[in-house]
Structures are given as structure tokens and as C-alpha cells.
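Right, one structure below, let's go through it.
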Amino acid sequence: MAYPANVRSPAGHVPLRYRVKSPNGRAIVVTSTVKDVMTTRVVAVREAAGYKDIITVMRKCCVSACPVLDSAGYVIGVVSEADLLPKEIGPEPFTGPGRSLQASGRHGERAKAVAVTAAELMSTPPITTGPDISVSEAAKQMYERGVKRLPVVDSTGQLVGIVSRIDVLSVLTRPDAQIRDDVLRQVIAGNFALDPAAFEVIVTSGIVTVIGQVDSYDFARQLIDAVRHVDSVIDVRDRMRYPAGDAPEATQHIVRRPA
């Protein structure tokens, strides 16, 4: 498929990677970062790309939005289907006494209804992220800013990928058996240098139950918190045992993964 000169062509995804660093001989669980789940070589358009070119590329590449690049390759905005819709509606509903659509608070829609280039249509400034940001932080950024995707830029500001909502949610789909193995091998045996045979770990639909004996309440809290940060863990149910009187209360604790 040929693309106009002002459009970048697409490619695939970087495969998911679940990495473990081992400084000083001790394994440490590392949560997935944006570069582990992002799409690379993104479909992007130049600021001079025309309205028809943008729609054509979106349809052929099955994407709902494109980063907009300036002549130096820096991301200056994002043009989405929502940015393109006002032209189909026309400028009239955004003007006159009623101003029915503009009255709803959607400012700038009239300008987009008469826009013809990506630079005129795009939403700006762009909300971007970096490749080394954690997936959970990217998810939080999307949620708080109300966006469906984030262009990924390197330290120089150049576009290196794009990450979507479904990309960040993909880290939650690993099989329960893999999660259990990570908890036993990376957390219990690795981070805490404990005998994994002394613990029972049950994982059901991403919910981890940890059963075992440790020396103190504080140690149990640290272990449970480490389990909570293993990729794909949804909840952690604490069934740890420690010396009587050590804990503020001898009740079950459920630790939820942060948003």
C-alpha cells in the first residue's frame, strides 16, 4: 500500500516483555513499561496533510487517530475522528443564535468545521508520554486526561511509538500460572530470599492469595506489597501468619492494585 509523502506507514507491536533485574545477585520484579506494550512506527501525518489524506490513511490503516508531526519530526498535536466530524456536520450548527453544539462547551468546533489541514484540525498541545514510563502511570495519565491514546516520544521529543488503552490493559491478561510463578520465583525466592515451598500461592483470574508464616507483621506487609506490583495482579488476599500480638489486628487484608 502506498502512502502520501506526508504520511508515515505503520508496522507492528513490540512483544510484551516481563523483565527481572538482578543487582547484587538479588532478583527484583520490574513492572512493564510503555516501550513493552506500545505500537512502533506509528501511522502519523505531517502538519500539511489534507483532510481527505487523513481520512484515507485512517481507513486503510484501521486507526482512529494520528499524531501530527512538524517538519522536524516533532509531535505537535493529534488528529482524531472526533476532530474530523465537525466538517461533516458543517459550520452552521456552531454559529447563529442557537449555537446548539458550541453551547455544549465544545469550543473550537466551528474552526474545525472549516479546517482543511492536519495543523488546523488537530487537538493541541499533544499529551505525550515516554517509553520508560510504567504502564500503570500511562494508564493513570490516560484516565486523568481523558484520552484514548498517548504518542510516545524519546528524550529528544521524536516520535517512537503510540500506546492505547487496550495496550496498557494487555499486561493484565497473562495466565494465572505465569503470575503464580513470578510470585514464587521473583518475589518470595528472589526479593525476600525465602523458601517458596514454605508458602502456598493461589491465583484465580489475577487475584493472588498468599498463605504462609513470617517473622513479623511488617515483613508480611512488605511481601504482600511486592506481590501487588507483579504484572497482571488484580488483587492480593493476605493469609499470612505472624507472631500473636505483632499485628495491629489479626484480620484478613485485601490490597488493591493502584489505578
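Ordering of the C-alpha cells sets the chain letters (A, B, ...), residue numbers begin anew at 1 in every chain, and ligands are numbered from 1 in the order given.
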
Contacts of segment 194-196 of chain A within 9 Å, only C-alpha atoms, excl. fewer than 5 positions in-chain, as an MDAnalysis selection string: chainID A and resid 184:185 187:189

Any chance you could export the current selection's N, CA and C atoms as a short mmCIF file (atom, residue, chain, number, x, y, z; two decimals), in the first residue's frame?
data_model
loop_
_atom_site.label_atom_id
_atom_site.label_comp_id
_atom_site.auth_asym_id
_atom_site.auth_seq_id
_atom_site.Cartn_x
_atom_site.Cartn_y
_atom_site.Cartn_z
N LEU A 184 6.21 -16.68 43.24
CA LEU A 184 7.06 -17.64 43.96
C LEU A 184 8.54 -17.41 43.67
N ARG A 185 8.88 -17.25 42.38
CA ARG A 185 10.29 -17.21 41.99
C ARG A 185 10.91 -15.83 42.15
N VAL A 187 9.42 -12.90 43.67
CA VAL A 187 9.15 -12.18 44.91
C VAL A 187 9.61 -12.97 46.13
N ILE A 188 9.02 -14.14 46.33
CA ILE A 188 9.30 -14.90 47.55
C ILE A 188 10.74 -15.39 47.58
N ALA A 189 11.18 -16.09 46.51
CA ALA A 189 12.55 -16.62 46.49
C ALA A 189 13.56 -15.54 46.12
#

Could you go through segment 145-243 of chain A and tell me which residues DSSP, when run on the backbone, assigns to helix (DSSP H, G or I), listing them as a ChimeraX atom specification? /A:145,165-172,176-191,196-198,217-228

Which polymer residues have any atom within 8 Å of an atom of Tyr242 of chain A, counting only C-alpha atoms, with same-chain residues fewer than 2 positions away left out, as a PDB file with C-alpha atoms, in the first residue's frame?
ATOM      1  CA  GLN A 213       4.339 -17.924  58.065  1.00  0.00           C
ATOM      2  CA  VAL A 214       6.746 -14.994  58.506  1.00  0.00           C
ATOM      3  CA  ASP A 215       8.530 -13.426  61.444  1.00  0.00           C
ATOM      4  CA  SER A 216       6.642 -10.135  61.683  1.00  0.00           C
ATOM      5  CA  TYR A 217       3.629  -8.158  60.558  1.00  0.00           C
ATOM      6  CA  ALA A 220       4.343  -9.635  55.746  1.00  0.00           C
ATOM      7  CA  MET A 240      -0.074 -14.528  56.152  1.00  0.00           C
ATOM      8  CA  ALA A 244       0.499 -13.190  68.061  1.00  0.00           C
ATOM      9  CA  ASP A 246       2.695  -8.352  66.393  1.00  0.00           C
ATOM     10  CA  ALA A 247      -0.042  -7.053  64.080  1.00  0.00           C
TER      11      ALA A 247
END
